[in-house]
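Chemist: This is protein33.cif (mmCIF, C-alpha atoms and all ligand atoms).
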data_model
loop_
_atom_site.label_atom_id
_atom_site.label_comp_id
_atom_site.auth_asym_id
_atom_site.auth_seq_id
_atom_site.Cartn_x
_atom_site.Cartn_y
_atom_site.Cartn_z
CA GLY A 1 -25.49 12.13 0.99
CA ARG A 2 -23.93 9.42 3.14
CA GLU A 3 -26.90 7.09 3.14
CA ALA A 4 -27.15 7.20 -0.61
CA ALA A 5 -23.41 6.53 -0.89
CA ASP A 6 -23.77 3.56 1.48
CA THR A 7 -26.62 2.15 -0.58
CA LEU A 8 -24.51 2.54 -3.69
CA LEU A 9 -21.66 0.62 -2.08
CA CYS A 10 -23.97 -2.16 -0.86
CA VAL A 11 -25.54 -2.59 -4.30
CA SER A 12 -22.05 -2.62 -5.86
CA ALA A 13 -20.85 -5.22 -3.37
CA ASP A 14 -23.87 -7.42 -4.19
CA ARG A 15 -23.19 -7.11 -7.87
CA ILE A 16 -19.51 -7.96 -7.47
CA GLY A 17 -20.36 -11.00 -5.39
CA ALA A 18 -23.20 -12.17 -7.62
CA GLY A 19 -21.24 -14.27 -10.09
CA LEU A 20 -18.56 -15.58 -7.74
CA ARG A 21 -18.20 -19.02 -6.21
CA ARG A 22 -18.63 -19.79 -2.55
CA GLU A 23 -14.83 -20.13 -2.02
CA ASP A 24 -14.09 -16.72 -3.54
CA LEU A 25 -13.73 -13.72 -1.33
CA VAL A 26 -14.90 -10.11 -1.68
CA CYS A 27 -13.61 -7.42 0.69
CA ARG A 28 -14.04 -3.71 0.83
CA LEU A 29 -10.60 -2.07 0.91
CA ASP A 30 -11.31 1.59 1.40
CA ALA A 31 -13.78 4.29 0.37
CA ASP A 32 -14.57 3.01 -3.09
CA ALA A 33 -12.29 0.04 -3.66
CA PHE A 34 -13.03 -3.65 -3.37
CA ALA A 35 -10.74 -6.65 -3.57
CA VAL A 36 -11.83 -9.97 -5.04
CA HIS A 37 -9.82 -13.08 -4.36
CA LEU A 38 -10.57 -15.96 -6.72
CA ALA A 39 -9.93 -19.27 -5.05
CA PRO A 40 -7.44 -21.41 -7.00
CA SER A 41 -8.96 -23.98 -9.30
CA GLU A 42 -7.96 -26.01 -12.36
CA ARG A 43 -10.55 -24.28 -14.49
CA LEU A 44 -9.38 -20.80 -13.54
CA THR A 45 -7.44 -20.05 -16.70
CA PHE A 46 -6.24 -16.58 -17.60
CA ASP A 47 -9.21 -16.17 -19.95
CA ALA A 48 -11.60 -17.22 -17.22
CA ILE A 49 -10.11 -14.64 -14.85
CA LEU A 50 -10.46 -11.90 -17.47
CA ALA A 51 -14.05 -12.95 -18.07
CA VAL A 52 -14.85 -12.65 -14.36
CA ALA A 53 -13.31 -9.16 -14.20
CA GLU A 54 -15.14 -8.05 -17.34
CA ARG A 55 -18.43 -9.34 -16.04
CA ILE A 56 -17.93 -7.45 -12.76
CA LEU A 57 -17.10 -4.23 -14.62
CA ARG A 58 -20.19 -4.64 -16.79
CA SER A 59 -22.43 -5.23 -13.83
CA LEU A 60 -21.05 -2.10 -12.12
CA SER A 61 -21.81 0.03 -15.15
CA GLU A 62 -25.55 -0.75 -14.92
CA PRO A 63 -27.32 2.32 -13.51
CA ILE A 64 -28.24 2.15 -9.83
CA VAL A 65 -31.45 3.74 -8.59
CA VAL A 66 -31.15 5.29 -5.13
CA ASP A 67 -34.13 7.09 -3.63
CA GLY A 68 -35.69 7.49 -7.02
CA VAL A 69 -32.55 9.03 -8.52
CA THR A 70 -30.62 7.11 -11.16
CA ALA A 71 -26.87 7.01 -10.58
CA TYR A 72 -24.56 6.12 -13.44
CA THR A 73 -21.43 4.50 -12.13
CA SER A 74 -18.31 2.93 -13.60
CA ALA A 75 -15.37 1.01 -12.22
CA SER A 76 -11.82 0.07 -13.13
CA ALA A 77 -10.12 -3.21 -12.29
CA GLY A 78 -6.58 -4.38 -11.69
CA ILE A 79 -5.69 -8.06 -11.87
CA ALA A 80 -2.68 -9.76 -10.29
CA LEU A 81 -1.66 -13.36 -10.91
CA PRO A 82 0.61 -15.13 -8.42
CA ARG A 83 2.87 -16.48 -11.14
CA THR A 84 3.87 -12.99 -12.27
CA LEU A 85 5.16 -12.13 -8.80
CA HIS A 86 8.59 -12.86 -7.42
CA ASP A 87 7.16 -13.34 -3.97
CA PRO A 88 3.43 -14.08 -4.21
CA THR A 89 2.34 -13.43 -0.64
CA GLY A 90 -1.17 -12.11 0.00
CA ALA A 91 0.19 -8.63 0.67
CA MET A 92 2.20 -8.65 -2.55
CA LEU A 93 -0.77 -9.87 -4.59
CA LEU A 94 -2.93 -7.12 -3.19
CA SER A 95 -0.29 -4.43 -3.85
CA ALA A 96 0.17 -5.67 -7.40
CA ALA A 97 -3.58 -5.67 -8.06
CA GLU A 98 -3.88 -2.17 -6.64
CA ARG A 99 -0.96 -1.04 -8.77
CA ALA A 100 -2.64 -2.45 -11.88
CA MET A 101 -5.88 -0.76 -10.87
CA VAL A 102 -4.12 2.62 -10.68
CA GLU A 103 -2.87 2.05 -14.24
CA ALA A 104 -6.34 1.05 -15.38
CA ARG A 105 -7.93 4.07 -13.80
CA ALA A 106 -5.42 6.35 -15.49
CA GLU A 107 -6.47 4.87 -18.81
CA GLY A 108 -10.10 5.83 -18.40
CA ARG A 109 -13.38 4.56 -17.03
CA GLY A 110 -14.40 0.97 -17.24
CA THR A 111 -10.95 -0.36 -18.14
CA LEU A 112 -8.98 -3.22 -16.70
CA GLN A 113 -5.26 -3.91 -16.45
CA VAL A 114 -3.22 -6.97 -15.58
CA TYR A 115 -0.20 -6.45 -13.37
CA SER A 116 3.18 -7.02 -14.97
CA SER A 117 6.60 -6.70 -13.41
CA GLU A 118 7.30 -3.66 -15.56
CA MET A 119 4.76 -1.76 -13.49
CA SER A 120 6.76 -0.68 -10.53
CA LEU A 121 4.78 -1.55 -7.44
CA VAL A 122 5.04 2.06 -6.41
CA ALA A 123 3.55 4.72 -8.61
CA ARG A 124 5.97 7.56 -9.11
CA ALA A 125 3.40 9.87 -7.64
CA ASP A 126 3.37 7.88 -4.42
CA HIS A 127 5.30 10.35 -2.32
CA ALA A 128 3.63 9.13 0.84
CA LEU A 129 5.26 5.70 0.61
CA ALA A 130 8.63 7.25 -0.23
CA ASP A 131 8.37 9.36 2.93
CA GLU A 132 7.25 6.37 4.96
CA VAL A 133 10.11 4.21 3.74
CA ALA A 134 12.66 6.97 4.39
CA ALA A 135 11.36 7.26 7.96
CA ALA A 136 11.43 3.46 8.34
CA LEU A 137 15.11 3.44 7.38
CA GLU A 138 15.91 5.88 10.16
CA SER A 139 13.67 4.31 12.81
CA GLY A 140 15.27 0.89 12.38
CA GLU A 141 12.23 -0.83 10.87
CA ILE A 142 14.34 -1.85 7.89
CA THR A 143 16.92 -4.41 8.86
CA ALA A 144 19.10 -7.10 7.35
CA TRP A 145 17.87 -10.67 7.38
CA MET A 146 20.51 -13.28 6.78
CA GLN A 147 20.45 -16.20 4.39
CA PRO A 148 23.16 -18.87 4.61
CA GLN A 149 25.45 -19.68 1.71
CA VAL A 150 26.71 -23.21 2.09
CA SER A 151 28.92 -25.82 0.53
CA VAL A 152 26.59 -27.65 -1.80
CA ASP A 153 26.53 -30.77 0.37
CA GLY A 154 25.22 -28.54 3.15
CA SER A 155 28.03 -29.47 5.54
CA GLN A 156 29.65 -26.05 5.83
CA ILE A 157 28.50 -22.45 6.15
CA LEU A 158 30.57 -20.36 3.77
CA GLY A 159 28.86 -17.06 4.29
CA MET A 160 25.61 -15.17 4.68
CA GLU A 161 23.81 -12.75 2.41
CA ALA A 162 22.28 -9.68 4.03
CA LEU A 163 18.80 -9.14 2.56
CA ALA A 164 16.75 -6.08 3.38
CA ARG A 165 13.38 -6.55 5.10
CA TRP A 166 10.96 -3.93 6.29
CA THR A 167 9.20 -5.02 9.46
CA HIS A 168 6.13 -2.86 9.12
CA PRO A 169 4.17 -2.27 12.36
CA GLU A 170 0.89 -3.26 10.68
CA ARG A 171 1.82 -5.29 7.65
CA GLY A 172 4.64 -7.40 9.05
CA ALA A 173 7.68 -8.32 6.96
CA ILE A 174 7.68 -6.59 3.56
CA SER A 175 9.99 -7.83 0.83
CA PRO A 176 12.46 -5.59 -0.98
CA ALA A 177 10.63 -6.06 -4.29
CA GLU A 178 7.88 -3.98 -2.79
CA PHE A 179 9.83 -1.20 -1.10
CA LEU A 180 13.04 -0.81 -3.14
CA PRO A 181 11.25 1.35 -5.74
CA ALA A 182 10.11 3.66 -2.94
CA ILE A 183 13.67 3.84 -1.59
CA GLU A 184 14.77 4.74 -5.09
CA ALA A 185 12.02 7.38 -5.37
CA ALA A 186 13.11 8.83 -2.03
CA GLY A 187 16.73 8.92 -3.20
CA ARG A 188 17.78 6.79 -0.19
CA ASN A 189 19.63 3.92 -1.90
CA GLU A 190 22.96 4.85 -0.40
CA ARG A 191 21.46 5.05 3.06
CA LEU A 192 19.93 1.57 2.70
CA THR A 193 23.27 0.08 1.70
CA GLU A 194 24.98 1.82 4.58
CA ILE A 195 22.46 0.30 6.99
CA MET A 196 22.87 -3.18 5.46
CA LEU A 197 26.65 -2.85 5.62
CA VAL A 198 26.61 -1.86 9.26
CA HIS A 199 24.23 -4.74 10.10
CA ALA A 200 26.49 -7.12 8.21
CA LEU A 201 29.66 -6.01 9.99
CA LYS A 202 27.97 -5.95 13.39
CA SER A 203 26.73 -9.48 12.79
CA LEU A 204 30.23 -10.66 11.88
CA ARG A 205 31.54 -9.21 15.15
CA HIS A 206 28.77 -10.89 17.06
CA TRP A 207 29.35 -14.28 15.41
CA ASP A 208 33.10 -13.98 16.02
CA ALA A 209 32.47 -13.22 19.66
CA THR A 210 30.13 -16.18 20.09
CA GLY A 211 32.38 -18.60 18.22
CA TYR A 212 30.04 -19.09 15.24
CA ASN A 213 32.22 -19.46 12.18
CA VAL A 214 30.93 -17.30 9.33
CA PRO A 215 33.74 -16.42 6.89
CA CYS A 216 32.00 -13.57 5.05
CA VAL A 217 28.81 -11.60 4.50
CA GLY A 218 27.40 -10.49 1.15
CA VAL A 219 25.86 -7.05 0.80
CA ASN A 220 23.96 -5.90 -2.30
CA PHE A 221 25.27 -2.71 -3.90
CA GLY A 222 23.18 -0.94 -6.52
CA PRO A 223 24.29 1.47 -9.24
CA ALA A 224 23.63 4.59 -7.15
CA GLU A 225 26.02 3.45 -4.41
CA LEU A 226 28.61 2.21 -6.88
CA ARG A 227 28.66 5.64 -8.51
CA SER A 228 29.42 7.40 -5.26
CA PRO A 229 32.87 9.02 -5.07
CA ARG A 230 32.77 8.44 -1.30
CA LEU A 231 32.15 4.70 -1.57
CA ILE A 232 35.67 3.41 -0.94
CA ASP A 233 36.39 5.73 1.99
CA LYS A 234 33.05 4.90 3.50
CA ILE A 235 33.62 1.13 3.32
CA LYS A 236 37.18 1.41 4.63
CA TRP A 237 35.94 3.48 7.51
CA GLU A 238 33.20 1.02 8.44
CA LEU A 239 35.56 -1.98 8.16
CA ASN A 240 38.00 -0.18 10.44
CA ARG A 241 35.34 0.82 12.90
CA PHE A 242 34.27 -2.82 13.34
CA ASP A 243 37.80 -4.14 12.97
CA ILE A 244 36.81 -6.52 10.18
CA THR A 245 39.21 -7.42 7.37
CA PRO A 246 38.05 -6.58 3.80
CA ASP A 247 38.09 -10.24 2.70
CA ARG A 248 35.07 -10.86 4.91
CA LEU A 249 32.90 -8.52 2.87
CA CYS A 250 31.38 -9.76 -0.40
CA VAL A 251 30.15 -6.92 -2.54
CA GLU A 252 27.27 -8.24 -4.67
CA VAL A 253 26.87 -6.43 -7.97
CA LEU A 254 24.14 -7.34 -10.45
CA GLU A 255 25.42 -8.70 -13.72
CA SER A 256 23.23 -6.18 -15.55
CA VAL A 257 24.99 -3.35 -13.70
CA MET A 258 28.47 -4.67 -14.38
CA ALA A 259 27.62 -5.32 -18.04
CA GLN A 260 26.61 -1.78 -18.89
CA THR A 261 29.31 -0.16 -16.95
CA ASP A 262 30.81 2.57 -19.04
CA ASN A 263 30.71 4.88 -16.05
CA ASP A 264 34.30 5.50 -15.02
CA LEU A 265 33.46 5.96 -11.39
CA VAL A 266 31.63 2.63 -11.19
CA VAL A 267 34.53 0.85 -12.87
CA ARG A 268 37.04 2.56 -10.60
CA ASN A 269 35.04 1.77 -7.46
CA ILE A 270 34.55 -1.92 -8.27
CA ARG A 271 38.23 -2.25 -9.12
CA ALA A 272 39.25 -0.45 -5.93
CA LEU A 273 37.03 -2.75 -3.87
CA GLY A 274 38.71 -5.77 -5.43
CA ALA A 275 42.15 -4.24 -4.92
CA MET A 276 41.53 -3.59 -1.23
CA GLY A 277 40.63 -7.25 -0.76
CA CYS A 278 36.84 -7.34 -0.78
CA HIS A 279 35.22 -10.18 -2.70
CA ILE A 280 33.16 -9.21 -5.71
CA ASP A 281 30.16 -11.45 -6.39
CA LEU A 282 28.40 -11.20 -9.73
CA ASP A 283 24.72 -11.43 -8.86
CA ASP A 284 21.90 -12.88 -11.00
CA PHE A 285 24.38 -14.29 -13.48
CA GLY A 286 22.83 -15.30 -16.79
CA THR A 287 20.21 -12.55 -16.81
CA GLY A 288 22.31 -9.48 -17.53
CA ASN A 289 23.95 -10.30 -20.87
CA ALA A 290 27.44 -9.49 -19.68
CA ALA A 291 30.23 -10.54 -21.98
CA ILE A 292 32.80 -12.56 -20.10
CA THR A 293 35.41 -10.02 -21.24
CA SER A 294 33.59 -7.21 -19.48
CA ILE A 295 33.58 -9.25 -16.28
CA ARG A 296 37.26 -9.99 -16.50
CA ARG A 297 38.11 -6.32 -16.11
CA PHE A 298 36.98 -6.76 -12.52
CA GLN A 299 38.29 -9.09 -9.89
CA VAL A 300 35.13 -11.15 -9.66
CA SER A 301 35.48 -13.90 -7.04
CA ARG A 302 32.21 -15.69 -7.63
CA ILE A 303 29.36 -15.73 -10.06
CA LYS A 304 25.94 -16.30 -8.57
CA ILE A 305 23.87 -18.28 -11.04
CA ASP A 306 20.42 -16.77 -11.12
CA ARG A 307 17.66 -18.86 -9.61
CA SER A 308 15.70 -18.83 -12.89
CA PHE A 309 18.20 -21.45 -14.14
CA VAL A 310 17.80 -23.62 -11.05
CA PHE A 311 14.10 -23.80 -10.27
CA ASP A 312 13.24 -26.21 -13.11
CA ILE A 313 16.63 -27.84 -13.49
CA ASP A 314 15.18 -31.17 -12.36
CA SER A 315 12.49 -31.12 -15.05
CA GLY A 316 14.61 -30.44 -18.11
CA GLY A 317 14.67 -26.62 -17.89
CA LEU A 318 17.20 -24.54 -19.75
CA GLY A 319 19.41 -24.62 -16.66
CA ALA A 320 20.08 -28.32 -17.21
CA VAL A 321 22.10 -27.29 -20.27
CA LEU A 322 23.34 -23.88 -19.19
CA VAL A 323 24.45 -24.44 -15.60
CA PRO A 324 27.22 -26.92 -16.51
CA LEU A 325 28.44 -24.42 -19.14
CA MET A 326 28.44 -21.58 -16.63
CA VAL A 327 30.37 -23.72 -14.15
CA ARG A 328 32.94 -24.47 -16.85
CA ILE A 329 33.34 -20.87 -17.96
CA ALA A 330 33.72 -19.80 -14.34
CA SER A 331 36.39 -22.35 -13.63
CA GLU A 332 38.28 -21.41 -16.83
CA VAL A 333 38.54 -17.83 -15.64
CA GLY A 334 39.21 -18.78 -12.03
CA MET A 335 35.88 -17.90 -10.44
CA GLU A 336 33.78 -19.85 -7.99
CA VAL A 337 30.09 -20.54 -8.60
CA VAL A 338 27.19 -20.09 -6.23
CA ALA A 339 23.91 -21.64 -7.35
CA GLU A 340 21.00 -19.50 -6.19
CA GLY A 341 17.43 -20.60 -5.52
CA VAL A 342 18.33 -24.15 -4.52
CA GLU A 343 14.94 -25.01 -3.10
CA THR A 344 15.03 -28.78 -2.80
CA GLU A 345 17.33 -31.72 -2.16
CA ALA A 346 16.92 -32.64 -5.81
CA HIS A 347 18.15 -29.20 -6.94
CA ALA A 348 21.11 -29.52 -4.58
CA ALA A 349 22.07 -32.95 -5.88
CA ILE A 350 21.87 -31.80 -9.50
CA VAL A 351 23.89 -28.61 -9.14
CA ARG A 352 26.44 -30.52 -7.08
CA GLY A 353 26.71 -33.03 -9.91
CA MET A 354 27.29 -30.15 -12.30
CA GLY A 355 30.28 -28.99 -10.34
CA ALA A 356 28.89 -26.02 -8.40
CA ARG A 357 30.56 -25.84 -5.00
CA PHE A 358 28.43 -23.23 -3.30
CA ALA A 359 24.70 -22.91 -2.95
CA GLN A 360 22.10 -20.62 -1.48
CA GLY A 361 18.42 -21.36 -1.20
CA TRP A 362 15.50 -22.60 0.82
CA ALA A 363 16.92 -26.12 0.89
CA PHE A 364 19.58 -24.79 3.26
CA GLY A 365 17.73 -21.93 4.91
CA LYS A 366 15.46 -19.02 4.10
CA PRO A 367 16.47 -15.46 4.92
CA MET A 368 15.98 -15.10 8.69
CA THR A 369 16.12 -12.51 11.43
CA ALA A 370 19.15 -12.33 13.70
CA GLU A 371 17.07 -13.99 16.46
CA ASP A 372 15.93 -16.87 14.28
CA LEU A 373 19.47 -17.43 13.10
CA GLU A 374 20.69 -17.48 16.70
CA GLN A 375 18.01 -20.03 17.53
CA ARG A 376 19.04 -22.19 14.60
CA VAL A 377 22.71 -22.08 15.52
CA HIS A 378 21.75 -23.05 19.03
CA GLU A 379 19.66 -26.01 17.86
CA THR A 380 22.33 -27.23 15.45
CA ALA A 381 24.94 -26.99 18.20
CA SER A 382 22.82 -28.99 20.64
CA THR A 383 21.93 -31.70 18.10
CA THR A 384 25.58 -32.21 17.15
CA GLU A 385 26.80 -32.42 20.73
CA PRO A 386 27.93 -35.91 21.69
P1 LIG B 1 18.99 -11.36 -4.74
O1 LIG B 1 20.22 -10.55 -4.41
O2 LIG B 1 19.06 -12.27 -5.92
O3 LIG B 1 18.64 -12.12 -3.42
C1 LIG B 1 18.18 -13.42 -3.38
C2 LIG B 1 16.68 -13.45 -3.35
O4 LIG B 1 16.27 -14.79 -3.58
C3 LIG B 1 16.13 -13.05 -2.01
O5 LIG B 1 14.90 -12.40 -2.22
C4 LIG B 1 15.86 -14.41 -1.36
O6 LIG B 1 14.87 -14.34 -0.39
C5 LIG B 1 15.42 -15.21 -2.54
N1 LIG B 1 15.65 -16.64 -2.35
C6 LIG B 1 16.64 -17.22 -1.67
N2 LIG B 1 16.58 -18.55 -1.74
C7 LIG B 1 15.52 -18.85 -2.52
C8 LIG B 1 14.94 -20.06 -2.99
O7 LIG B 1 15.39 -21.18 -2.71
N3 LIG B 1 13.86 -19.96 -3.80
C9 LIG B 1 13.34 -18.75 -4.14
N4 LIG B 1 12.24 -18.73 -4.95
N5 LIG B 1 13.85 -17.57 -3.72
C10 LIG B 1 14.94 -17.63 -2.92
P2 LIG B 1 14.58 -11.05 -1.50
O8 LIG B 1 15.15 -11.05 -0.13
O9 LIG B 1 13.13 -10.83 -1.70
O10 LIG B 1 15.41 -10.01 -2.32
C11 LIG B 1 15.06 -9.72 -3.64
C12 LIG B 1 16.09 -8.84 -4.28
O11 LIG B 1 16.09 -7.54 -3.69
C13 LIG B 1 17.51 -9.35 -4.06
O12 LIG B 1 17.74 -10.37 -4.96
C14 LIG B 1 18.31 -8.11 -4.28
O13 LIG B 1 18.52 -7.89 -5.67
C15 LIG B 1 17.40 -7.02 -3.74
N6 LIG B 1 17.85 -6.64 -2.41
C16 LIG B 1 17.64 -7.26 -1.23
N7 LIG B 1 18.24 -6.58 -0.22
C17 LIG B 1 18.86 -5.53 -0.78
C18 LIG B 1 19.66 -4.47 -0.27
O14 LIG B 1 19.97 -4.37 0.92
N8 LIG B 1 20.11 -3.54 -1.16
C19 LIG B 1 19.81 -3.61 -2.50
N9 LIG B 1 20.33 -2.67 -3.31
N10 LIG B 1 19.08 -4.60 -3.00
C20 LIG B 1 18.60 -5.55 -2.16
CA CA B 2 22.21 -10.61 -4.00
CA CA B 3 20.67 -13.12 -7.02
#
Here is the file; what I need is its structure written in the form of structure tokens.
Ligand code: C2E
Ligand code: CA
Ligand code: CA
Modeler:
Amino acid sequence: GREAADTLLCVSADRIGAGLRREDLVCRLDADAFAVHLAPSERLTFDAILAVAERILRSLSEPIVVDGVTAYTSASAGIALPRTLHDPTGAMLLSAAERAMVEARAEGRGTLQVYSSEMSLVARADHALADEVAAALESGEITAWMQPQVSVDGSQILGMEALARWTHPERGAISPAEFLPAIEAAGRNERLTEIMLVHALKSLRHWDATGYNVPCVGVNFGPAELRSPRLIDKIKWELNRFDITPDRLCVEVLESVMAQTDNDLVVRNIRALGAMGCHIDLDDFGTGNAAITSIRRFQVSRIKIDRSFVFDIDSGGLGAVLVPLMVRIASEVGMEVVAEGVETEAHAAIVRGMGARFAQGWAFGKPMTAEDLEQRVHETASTTEP
């Protein structure tokens, strides 16, 4: 009965809350799921977090007496740690914890799982999200945000990268890490790229018309799109439609994709894009194990050094050794270098010292909506007026 179920939930909530600190938070998510947020603290080591979860699971497996009847319950737990997430917002943490909980539940009663990036945030069985994301693509909820790419002294805008964002009516901006797997599951990768491409070209037209000088826009192309026999015609057609020359489009291809390319169509498409004058940017360089010889088959204009080499470059990270080498290799083979994830002035100064000429990162601007970008251009224009 409902009352008994309510009692059960209340007792469970009390038990969950019993061992927590005042700063921690317990919320009921839906029918039978709770979320616990542990407030950050020095003493909150990984072991301590596991111990809290285990204690909660144990307390929930104690029988509960409701109206003289003994109920035997069990629970499963999923744990998410901010440092394992690319983008540790509250929403992402919650999704990751829920994802881990689904895994735990599949393993059996009373188990717990810690989220890892190998667990796709979307369970394959999650058809509902795949449908929702496919609808969002068509309704215009998924748009391109733009992030500036600048000369490393920050004085010049050299381009923008179009990054997909889902502006969800209830949840606000959702990052691609969270919805790309659902796009994949829905088989809508090509459609996403088409939408990003159109946004990118439209934006170029708009900037041209308003006198804002943006030489090119980068669009991310995944393996599904690069395998398409229609790719070249499609891009030519869109460029024509917006009257934009091919050199203003940077096609970003992940190093991992370019490295394993033994697919003839992918090779042919990337080559054809280069031949027609588009720039090819090698994305996340340093993470994909590409041999420099495999890259040289393509007309790569720029390598984008992955942000994992930049974030700790000022505290003796591996990047301190590797970035100068990457810059040298790139210049030997006639490619430019873009340092990604340049978050601070210190990062910028260091990568500049290492010979990188281009940079992208929070130090110069986060990905922003068309409106925010407009606002920023406006402000910069008014502050530089005499
Ligand atoms: P990416 O291509 O490496 O894009 C750069 C990511 O780094 C973006 O994350 C951006 O927000 C983030 N970022 C930029 N500057 C900084 C910084 O200074 N510090 C840190 N920590 N992060 C920074 P975002 O937008 O979440 O995109 C994640 C990934 O999703 C992209 O990585 C890209 O691989 C993929 N993606 C985004 N949009 C699309 C798309 O339209 N199509 C496809 N196929 N993939 C996309
Ligand atoms: Ca990219
Ligand atoms: Ca990248």
Chemist: To one decimal place in Å, what is the distance between atom CA of Val310 of chain A and atom CA of Ile295 of chain A?
Modeler: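 These atoms are spaced 22.0 Å apart.
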Chemist: Which one of A:Glu178, A:Ile183, A:Gln149, A:Leu226 sits closest to ligand CA 3 (chain B) if you count all atoms listed in the file?
Modeler: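 Once distances to ligand CA 3 (chain B) are computed over all atoms listed in the file, the minimum belongs to A:Gln149.
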Chemist: Give the centre and edge lengths of an axis-aligned box, in Å to one decimal, that holds all listed atoms of segment 344-363 of chain A with 6 Å on each side, as AutoDock Vina command-line options.
Modeler:
--center_x 22.8 --center_y -26.8 --center_z -5.7 --size_x 27.5 --size_y 24.4 --size_z 25.2
Chemist: Report as JSON, numbers by chain all protein, DNA and RNA residues lying within 10 Å of Ala31 of chain A, evaluated on all atoms listed in the file, omitting residues in the same chain fewer than 3 positions from it.
Modeler: {"A": [5, 9, 28, 34]}
Chemist: Which residues are near Ala100 of chain A? Cut-off 10 Å, all atoms listed in the file, ignore same chain within fewer than 2 positions. Put them as a PyMOL selection string.
Modeler: chain A and resi 76-80+94-98+102-106+112-116+119-121
Chemist: Can you measure atom CA of Gly68 of chain A to atom CA of Gly108 of chain A for me? One decimal in Å is fine.
Modeler: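 Between atom CA of Gly68 of chain A and atom CA of Gly108 of chain A the gap works out to 28.1 Å.
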Chemist: Work out how far atom CA of Arg83 of chain A is from atom CA of Arg43 of chain A, in Å to one decimal.
Modeler: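 According to the coordinates, atom CA of Arg43 of chain A and atom CA of Arg83 of chain A are separated by 15.9 Å.
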Chemist: Would you kindly return, as a list in words, each protein, DNA or RNA residue with an atom no farther than 9 Å from any atom of segment 230-242 of chain A, considering only C-alpha atoms and excluding same-chain residues fewer than 3 positions away?
Modeler: Glu194, Leu197, Val198, Leu201, Lys202, Leu204, Arg205, Glu225, Leu226, Arg227, Thr245, Pro246, Leu249, Asn269, Ala272, Leu273 and Met276 of chain A
Chemist: Which residue out of A:Leu254, A:Ala346, A:Ala186, A:Met326 has the minimum interatomic distance to ligand LIG 1 (chain B) when all atoms listed in the file are used?
Modeler: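 Among A:Leu254, A:Ala346, A:Ala186, A:Met326, it is A:Leu254 that comes nearest to ligand LIG 1 (chain B).
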Chemist: With distances taken over all atoms listed in the file, which residue among A:Gly316, A:Gly218, A:Gly1, A:Gly211 lies nearest ligand CA 2 (chain B)?
Modeler: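 Looking only at the distances to ligand CA 2 (chain B), the closest residue turns out to be A:Gly218.
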